[in-house]
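Next up, coords-v7.cif (mmCIF, C-alpha atoms and all ligand atoms):
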data_upload
#
loop_
_atom_site.group_PDB
_atom_site.id
_atom_site.type_symbol
_atom_site.label_atom_id
_atom_site.label_comp_id
_atom_site.auth_asym_id
_atom_site.auth_seq_id
_atom_site.Cartn_x
_atom_site.Cartn_y
_atom_site.Cartn_z
ATOM 1 C CA MET L 16 28.833 97.763 -63.837
ATOM 2 C CA LYS L 17 29.278 94.040 -63.430
ATOM 3 C CA ILE L 18 26.317 93.780 -61.091
ATOM 4 C CA LEU L 19 24.084 95.644 -63.549
ATOM 5 C CA LYS L 20 25.083 93.233 -66.293
ATOM 6 C CA LEU L 21 24.317 90.279 -64.059
ATOM 7 C CA LEU L 22 20.955 91.753 -63.089
ATOM 8 C CA TRP L 23 20.084 92.314 -66.725
ATOM 9 C CA GLN L 24 21.066 88.731 -67.654
ATOM 10 C CA ASN L 25 18.961 87.317 -64.848
ATOM 11 C CA LEU L 26 15.992 89.463 -65.760
ATOM 12 C CA LYS L 27 16.201 88.209 -69.339
ATOM 13 C CA LYS L 28 16.481 84.586 -68.202
ATOM 14 C CA GLY L 29 13.391 84.781 -65.972
ATOM 15 C CA PRO L 30 12.823 82.936 -62.704
ATOM 16 C CA SER L 31 14.899 79.814 -62.121
ATOM 17 C CA THR L 32 12.950 78.657 -59.083
ATOM 18 C CA ASP L 33 9.812 76.505 -59.065
ATOM 19 C CA PRO L 34 6.608 78.612 -59.232
ATOM 20 C CA PHE L 35 4.747 76.376 -56.749
ATOM 21 C CA PRO L 36 2.280 77.101 -55.097
ATOM 22 C CA PHE L 37 1.337 79.698 -57.724
ATOM 23 C CA GLY L 38 2.043 77.409 -60.665
ATOM 24 C CA ASP L 39 2.686 73.818 -61.602
ATOM 25 C CA THR L 40 5.545 71.830 -60.205
ATOM 26 C CA PHE L 41 6.913 68.365 -60.845
ATOM 27 C CA THR L 42 6.941 65.189 -58.775
ATOM 28 C CA PRO L 43 10.054 63.018 -58.955
ATOM 29 C CA LYS L 44 9.295 59.449 -60.030
ATOM 30 C CA GLY L 45 9.222 57.048 -57.091
ATOM 31 C CA LEU L 46 8.677 59.790 -54.509
ATOM 32 C CA ARG L 47 7.394 58.327 -51.241
ATOM 33 C CA GLY L 48 4.262 60.266 -50.366
ATOM 34 C CA ARG L 49 0.803 59.819 -48.871
ATOM 35 C CA ILE L 50 -0.114 56.301 -47.741
ATOM 36 C CA ARG L 51 -2.924 54.515 -49.543
ATOM 37 C CA PHE L 52 -4.592 51.602 -47.792
ATOM 38 C CA ASP L 53 -6.745 48.896 -49.398
ATOM 39 C CA ALA L 54 -8.836 47.188 -46.715
ATOM 40 C CA SER L 55 -10.011 44.530 -49.182
ATOM 41 C CA GLN L 56 -6.443 43.168 -49.375
ATOM 42 C CA CYS L 57 -5.445 43.555 -45.718
ATOM 43 C CA SER L 58 -5.345 40.416 -43.583
ATOM 44 C CA ALA L 59 -4.775 42.382 -40.358
ATOM 45 C CA CYS L 60 -1.409 40.731 -39.694
ATOM 46 C CA ARG L 61 -0.255 44.058 -38.162
ATOM 47 C CA MET L 62 3.241 43.786 -39.563
ATOM 48 C CA CYS L 63 3.015 47.363 -40.870
ATOM 49 C CA GLU L 64 2.228 48.608 -37.380
ATOM 50 C CA HIS L 65 5.163 46.642 -35.971
ATOM 51 C CA VAL L 66 7.725 48.098 -38.399
ATOM 52 C CA CYS L 67 6.324 51.632 -38.562
ATOM 53 C CA ALA L 68 9.213 53.941 -37.722
ATOM 54 C CA GLY L 69 6.951 56.900 -37.008
ATOM 55 C CA GLY L 70 4.378 55.049 -34.907
ATOM 56 C CA ALA L 71 1.825 56.289 -37.418
ATOM 57 C CA ILE L 72 -0.234 53.111 -37.792
ATOM 58 C CA ARG L 73 -2.734 51.762 -35.312
ATOM 59 C CA PHE L 74 -5.121 48.798 -35.315
ATOM 60 C CA GLU L 75 -8.032 48.292 -32.969
ATOM 61 C CA GLN L 76 -10.470 45.446 -32.484
ATOM 62 C CA THR L 77 -14.172 46.253 -32.680
ATOM 63 C CA ASP L 78 -17.259 44.046 -32.890
ATOM 64 C CA GLN L 79 -17.375 44.570 -36.667
ATOM 65 C CA GLY L 80 -13.710 43.858 -37.340
ATOM 66 C CA THR L 81 -10.264 45.380 -37.089
ATOM 67 C CA THR L 82 -9.937 49.097 -37.687
ATOM 68 C CA PHE L 83 -6.891 50.527 -39.427
ATOM 69 C CA THR L 84 -5.725 54.092 -38.877
ATOM 70 C CA VAL L 85 -2.701 55.880 -40.306
ATOM 71 C CA TRP L 86 -1.803 59.376 -39.099
ATOM 72 C CA HIS L 87 -0.353 61.153 -42.108
ATOM 73 C CA ASN L 88 1.416 63.776 -40.041
ATOM 74 C CA SER L 89 3.288 61.121 -38.026
ATOM 75 C CA CYS L 90 4.397 59.208 -41.121
ATOM 76 C CA THR L 91 8.079 59.608 -41.965
ATOM 77 C CA PHE L 92 7.632 58.119 -45.476
ATOM 78 C CA CYS L 93 10.202 55.442 -44.713
ATOM 79 C CA GLY L 94 8.282 52.897 -46.816
ATOM 80 C CA LEU L 95 8.781 49.995 -44.394
ATOM 81 C CA CYS L 96 5.052 49.301 -44.180
ATOM 82 C CA GLU L 97 4.828 48.838 -47.949
ATOM 83 C CA HIS L 98 8.003 46.766 -48.020
ATOM 84 C CA TYR L 99 6.763 44.289 -45.410
ATOM 85 C CA CYS L 100 3.112 44.114 -46.478
ATOM 86 C CA MET L 101 2.919 40.789 -48.282
ATOM 87 C CA PRO L 102 -0.512 41.256 -49.915
ATOM 88 C CA GLY L 103 0.290 44.812 -51.016
ATOM 89 C CA ALA L 104 -2.554 46.371 -49.025
ATOM 90 C CA ILE L 105 -0.540 49.433 -48.048
ATOM 91 C CA ARG L 106 1.348 51.563 -50.535
ATOM 92 C CA LEU L 107 3.070 54.907 -50.652
ATOM 93 C CA THR L 108 1.765 57.083 -53.455
ATOM 94 C CA GLU L 109 3.534 59.983 -55.155
ATOM 95 C CA ASP L 110 1.043 62.419 -53.625
ATOM 96 C CA TRP L 111 2.988 64.880 -51.450
ATOM 97 C CA HIS L 112 0.165 67.399 -50.949
ATOM 98 C CA LEU L 113 0.000 66.938 -47.217
ATOM 99 C CA ALA L 114 0.570 70.490 -45.968
ATOM 100 C CA HIS L 115 -2.116 71.419 -43.462
ATOM 101 C CA HIS L 116 -2.965 73.818 -40.684
ATOM 102 C CA GLN L 117 -2.051 72.729 -37.190
ATOM 103 C CA SER L 118 -5.749 72.830 -36.328
ATOM 104 C CA ASP L 119 -6.395 70.161 -38.986
ATOM 105 C CA LYS L 120 -3.815 67.701 -37.729
ATOM 106 C CA TYR L 121 -6.403 65.334 -36.270
ATOM 107 C CA HIS L 122 -8.133 65.137 -39.654
ATOM 108 C CA MET L 123 -4.967 64.009 -41.471
ATOM 109 C CA VAL L 124 -5.823 60.359 -41.097
ATOM 110 C CA GLU L 125 -6.898 57.453 -43.218
ATOM 111 C CA HIS L 126 -9.262 55.102 -41.512
ATOM 112 C CA ASP L 127 -10.830 51.839 -42.644
ATOM 113 C CA LEU L 128 -12.288 48.584 -41.411
ATOM 114 C CA ILE L 129 -11.091 45.037 -42.098
ATOM 115 C CA PRO L 130 -14.337 43.165 -41.456
ATOM 116 C CA HIS L 131 -14.557 39.965 -39.457
ATOM 117 C CA LEU L 132 -15.815 36.899 -41.298
ATOM 118 C CA ALA L 133 -17.541 33.814 -39.949
ATOM 119 C CA CYS L 134 -15.799 30.472 -40.453
ATOM 120 C CA GLU L 135 -17.871 28.446 -42.922
ATOM 121 C CA GLY L 136 -17.300 25.336 -40.827
ATOM 122 C CA CYS L 137 -18.195 26.408 -37.284
ATOM 123 C CA GLY L 138 -19.098 30.101 -37.392
ATOM 124 C CA GLU L 139 -16.020 31.180 -35.411
ATOM 125 C CA THR L 140 -14.856 34.738 -36.139
ATOM 126 C CA ILE L 141 -11.932 34.858 -38.558
ATOM 127 C CA THR L 142 -9.991 37.508 -40.444
ATOM 128 C CA GLN L 143 -9.934 37.430 -44.209
ATOM 129 C CA ALA L 144 -7.111 35.763 -46.117
ATOM 130 C CA THR L 145 -7.083 38.011 -49.148
ATOM 131 C CA SER L 146 -6.681 36.975 -52.772
ATOM 132 C CA ASN L 147 -3.269 38.668 -53.025
ATOM 133 C CA LEU L 148 -2.066 36.914 -49.879
ATOM 134 C CA LEU L 149 -3.239 33.503 -51.070
ATOM 135 C CA GLY L 150 -1.664 34.113 -54.446
ATOM 136 C CA LYS L 151 1.697 34.893 -52.862
ATOM 137 C CA ALA L 152 1.611 32.210 -50.180
ATOM 138 C CA TYR L 153 0.601 29.399 -52.541
ATOM 139 C CA CYS L 154 1.989 30.814 -55.819
ATOM 140 C CA GLY L 155 -1.543 30.810 -57.188
ATOM 141 C CA SER L 156 -4.955 29.730 -56.029
ATOM 142 C CA ASN L 157 -7.512 26.984 -56.602
ATOM 143 C CA ASP L 158 -10.891 25.950 -55.169
ATOM 144 C CA ASP L 159 -9.310 24.000 -52.295
ATOM 145 C CA ILE L 160 -7.172 26.936 -51.222
ATOM 146 C CA ARG L 161 -10.112 29.319 -51.433
ATOM 147 C CA THR L 162 -12.229 26.922 -49.343
ATOM 148 C CA LEU L 163 -9.486 26.644 -46.711
ATOM 149 C CA ALA L 164 -9.256 30.430 -46.572
ATOM 150 C CA ARG L 165 -12.900 30.608 -45.465
ATOM 151 C CA LEU L 166 -12.293 28.317 -42.481
ATOM 152 C CA CYS L 167 -10.858 28.894 -39.010
ATOM 153 C CA SER L 168 -7.598 27.142 -38.088
ATOM 154 C CA ASP L 169 -9.403 24.247 -36.311
ATOM 155 C CA CYS L 170 -11.708 23.578 -39.270
ATOM 156 C CA ARG L 171 -8.751 23.850 -41.669
ATOM 157 C CA ARG L 172 -6.864 21.224 -39.684
ATOM 158 C CA ALA L 173 -9.893 18.921 -39.527
ATOM 159 C CA ARG L 174 -10.524 19.274 -43.269
ATOM 160 C CA SER L 175 -6.890 18.678 -44.181
ATOM 161 C CA ALA L 176 -6.694 15.627 -41.913
ATOM 162 C CA LYS L 177 -9.854 14.235 -43.497
ATOM 163 C CA GLN L 178 -8.453 14.724 -46.976
ATOM 164 C CA LEU L 179 -5.139 13.134 -46.030
ATOM 165 C CA THR L 180 -6.807 10.072 -44.555
ATOM 166 C CA LYS L 181 -8.827 9.778 -47.760
ATOM 167 C CA GLY L 182 -5.613 10.092 -49.753
ATOM 168 C CA GLU L 183 -6.782 13.259 -51.505
ATOM 169 C CA MET L 184 -4.307 15.872 -52.590
ATOM 170 C CA LEU L 185 -4.733 19.365 -51.155
HETATM 171 S S1 LIG C 1 -1.640 46.499 -44.371
HETATM 172 FE FE1 LIG C 1 -0.393 44.696 -44.905
HETATM 173 S S2 LIG C 1 1.162 44.548 -43.277
HETATM 174 FE FE2 LIG C 1 -0.495 45.901 -42.552
HETATM 175 S S3 LIG C 1 -1.883 44.544 -41.430
HETATM 176 FE FE3 LIG C 1 -2.664 44.700 -43.518
HETATM 177 S S4 LIG C 1 -1.743 42.949 -44.572
HETATM 178 FE FE4 LIG C 1 -0.573 43.231 -42.708
HETATM 179 S S1 LIG C 2 5.979 54.940 -44.443
HETATM 180 FE FE1 LIG C 2 7.085 54.407 -42.555
HETATM 181 S S2 LIG C 2 6.389 55.928 -41.051
HETATM 182 FE FE2 LIG C 2 4.942 55.999 -42.766
HETATM 183 S S3 LIG C 2 3.272 54.639 -42.144
HETATM 184 FE FE3 LIG C 2 4.728 53.425 -43.373
HETATM 185 S S4 LIG C 2 6.132 52.488 -41.858
HETATM 186 FE FE4 LIG C 2 5.043 54.176 -40.843
#
Written as C-alpha cells, how would this file's structure read?
Amino acid sequence: MKILKLLWQNLKKGPSTDPFPFGDTFTPKGLRGRIRFDASQCSACRMCEHVCAGGAIRFEQTDQGTTFTVWHNSCTFCGLCEHYCMPGAIRLTEDWHLAHHQSDKYHMVEHDLIPHLACEGCGETITQATSNLLGKAYCGSNDDIRTLARLCSDCRRARSAKQLTKGEML
C-alpha cells in the first residue's frame, strides 16, 4: 500500500529531473565552458599554450602570422589559459554545448590568425602589442607608447636612447 501511495505522490508532483535535451535547462553562473579566442587582442606570447593542462592549444608560424588553434575536445576547462592571459584574449564562456559525434572530433576546433606586422622603423616583422596589453603593462596608453608598440625591439631601443639623450620623457 505504501508503494502505491508513494507512486501516486510522485505522479502528482511530476518529473523532478531536468528535461534536457527535450526541454530547457539552466547554466550555473561562472560555468567554465567553450573557449572563445580574440585574435585582435592576442600578442602571441604563447603563455596559454605553456600552461594548458589538456595540451589543447597550439600555435604555428606561417608567412602571414601566427596561427592559434584550440581543440575543444582536448580542453579540460581548467581555466588556466584565461587566468594567465594578460590581455584577456582567451576566455572561457558559459557555453557547454560541446557534445559531438566521434566522427566530428576534428571539427571541434577554433582557429585564427594573429597577423604579422612590419616595424614602422625598419620593416622587420613584429607581432602586435595589443591595446589591452599596453593598457595593462603601462596602466594606460599615450601616443609615445602606441608609437613604441609599432616598432621592433631594436628600433624601440634606438628611439628611447634618442629621447633620453635629448632629455625627453617617454
Ligand atoms: S591568448 Fe593570451 S596567453 Fe595566449 S598567446 Fe595570446 S596573449 Fe598570450
Ligand atoms: S581551459 Fe585549460 S585545458 Fe582548456 S584550453 Fe584553457 S588551459 Fe587548456
Next on the checklist: My list of candidates is L:Lys44, L:Gly138, L:Trp86, L:Leu149. Which is closest to L:Ser168 when distances are computed with all atoms listed in the file?
Outcome noted: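 Checking each candidate against L:Ser168, we get L:Gly138 as the closest.
Checking L:Tyr153, L:Trp111, L:Phe35, L:Tyr121 one by one against L:Arg47, counting all atoms listed in the file, you find the shortest gap at L:Trp111.
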Next on the checklist: Can you work out which residues are within 12 Å of ligand LIG 2 (chain C), considering only C-alpha atoms and all ligand atoms, and then hand them over as a ChimeraX atom specification?
Outcome noted: /L:46-52,61-73,83-100,104-108,124-125
Selected residues written out with C-alpha atoms, as a PDB file, in the frame of the given file:
ATOM      1  CA  LEU L  46       8.677  59.790 -54.509  1.00  0.00           C
ATOM      2  CA  ARG L  47       7.394  58.327 -51.241  1.00  0.00           C
ATOM      3  CA  GLY L  48       4.262  60.266 -50.366  1.00  0.00           C
ATOM      4  CA  ARG L  49       0.803  59.819 -48.871  1.00  0.00           C
ATOM      5  CA  ILE L  50      -0.114  56.301 -47.741  1.00  0.00           C
ATOM      6  CA  ARG L  51      -2.924  54.515 -49.543  1.00  0.00           C
ATOM      7  CA  PHE L  52      -4.592  51.602 -47.792  1.00  0.00           C
ATOM      8  CA  ARG L  61      -0.255  44.058 -38.162  1.00  0.00           C
ATOM      9  CA  MET L  62       3.241  43.786 -39.563  1.00  0.00           C
ATOM     10  CA  CYS L  63       3.015  47.363 -40.870  1.00  0.00           C
ATOM     11  CA  GLU L  64       2.228  48.608 -37.380  1.00  0.00           C
ATOM     12  CA  HIS L  65       5.163  46.642 -35.971  1.00  0.00           C
ATOM     13  CA  VAL L  66       7.725  48.098 -38.399  1.00  0.00           C
ATOM     14  CA  CYS L  67       6.324  51.632 -38.562  1.00  0.00           C
ATOM     15  CA  ALA L  68       9.213  53.941 -37.722  1.00  0.00           C
ATOM     16  CA  GLY L  69       6.951  56.900 -37.008  1.00  0.00           C
ATOM     17  CA  GLY L  70       4.378  55.049 -34.907  1.00  0.00           C
ATOM     18  CA  ALA L  71       1.825  56.289 -37.418  1.00  0.00           C
ATOM     19  CA  ILE L  72      -0.234  53.111 -37.792  1.00  0.00           C
ATOM     20  CA  ARG L  73      -2.734  51.762 -35.312  1.00  0.00           C
ATOM     21  CA  PHE L  83      -6.891  50.527 -39.427  1.00  0.00           C
ATOM     22  CA  THR L  84      -5.725  54.092 -38.877  1.00  0.00           C
ATOM     23  CA  VAL L  85      -2.701  55.880 -40.306  1.00  0.00           C
ATOM     24  CA  TRP L  86      -1.803  59.376 -39.099  1.00  0.00           C
ATOM     25  CA  HIS L  87      -0.353  61.153 -42.108  1.00  0.00           C
ATOM     26  CA  ASN L  88       1.416  63.776 -40.041  1.00  0.00           C
ATOM     27  CA  SER L  89       3.288  61.121 -38.026  1.00  0.00           C
ATOM     28  CA  CYS L  90       4.397  59.208 -41.121  1.00  0.00           C
ATOM     29  CA  THR L  91       8.079  59.608 -41.965  1.00  0.00           C
ATOM     30  CA  PHE L  92       7.632  58.119 -45.476  1.00  0.00           C
ATOM     31  CA  CYS L  93      10.202  55.442 -44.713  1.00  0.00           C
ATOM     32  CA  GLY L  94       8.282  52.897 -46.816  1.00  0.00           C
ATOM     33  CA  LEU L  95       8.781  49.995 -44.394  1.00  0.00           C
ATOM     34  CA  CYS L  96       5.052  49.301 -44.180  1.00  0.00           C
ATOM     35  CA  GLU L  97       4.828  48.838 -47.949  1.00  0.00           C
ATOM     36  CA  HIS L  98       8.003  46.766 -48.020  1.00  0.00           C
ATOM     37  CA  TYR L  99       6.763  44.289 -45.410  1.00  0.00           C
ATOM     38  CA  CYS L 100       3.112  44.114 -46.478  1.00  0.00           C
ATOM     39  CA  ALA L 104      -2.554  46.371 -49.025  1.00  0.00           C
ATOM     40  CA  ILE L 105      -0.540  49.433 -48.048  1.00  0.00           C
ATOM     41  CA  ARG L 106       1.348  51.563 -50.535  1.00  0.00           C
ATOM     42  CA  LEU L 107       3.070  54.907 -50.652  1.00  0.00           C
ATOM     43  CA  THR L 108       1.765  57.083 -53.455  1.00  0.00           C
ATOM     44  CA  VAL L 124      -5.823  60.359 -41.097  1.00  0.00           C
ATOM     45  CA  GLU L 125      -6.898  57.453 -43.218  1.00  0.00           C
TER      46      GLU L 125
END
Checklist entry - Which polymer residues have any atom within 12 Å of an atom of L:Ser156, counting only C-alpha atoms, with same-chain residues fewer than 4 positions away left out, as number ranges by chain? => result L: 144-152, 160-164, 185
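Applied to the file shown here, the PyMOL selection byres (((chain L and resi 130) around 9) and not hetatm) selects the residues Ala54, Ser55, Gln79, Gly80, Thr81, Thr82, Leu128, Ile129, His131, Leu132, Thr142 and Gln143 of chain L.
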Item to check | Proximity to L:Arg165 - best of L:Lys20, L:Cys137, L:Thr42, L:Gln178, all atoms listed in the file | outcome: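 When distances to L:Arg165 are compared using all atoms listed in the file, the smallest one comes from L:Cys137.
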Item to check | Separation of atom S1 of ligand LIG 1 (chain C) from atom CA of L:Asp53 in Å | outcome: 7.6 Å
Checklist entry - For ligand LIG 1 (chain C), which residue among L:Pro34, L:Gly29, L:Gly103, L:Pro43 is the nearest when counting all atoms listed in the file? => result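 That would be L:Gly103, the residue with the smallest distance to ligand LIG 1 (chain C).
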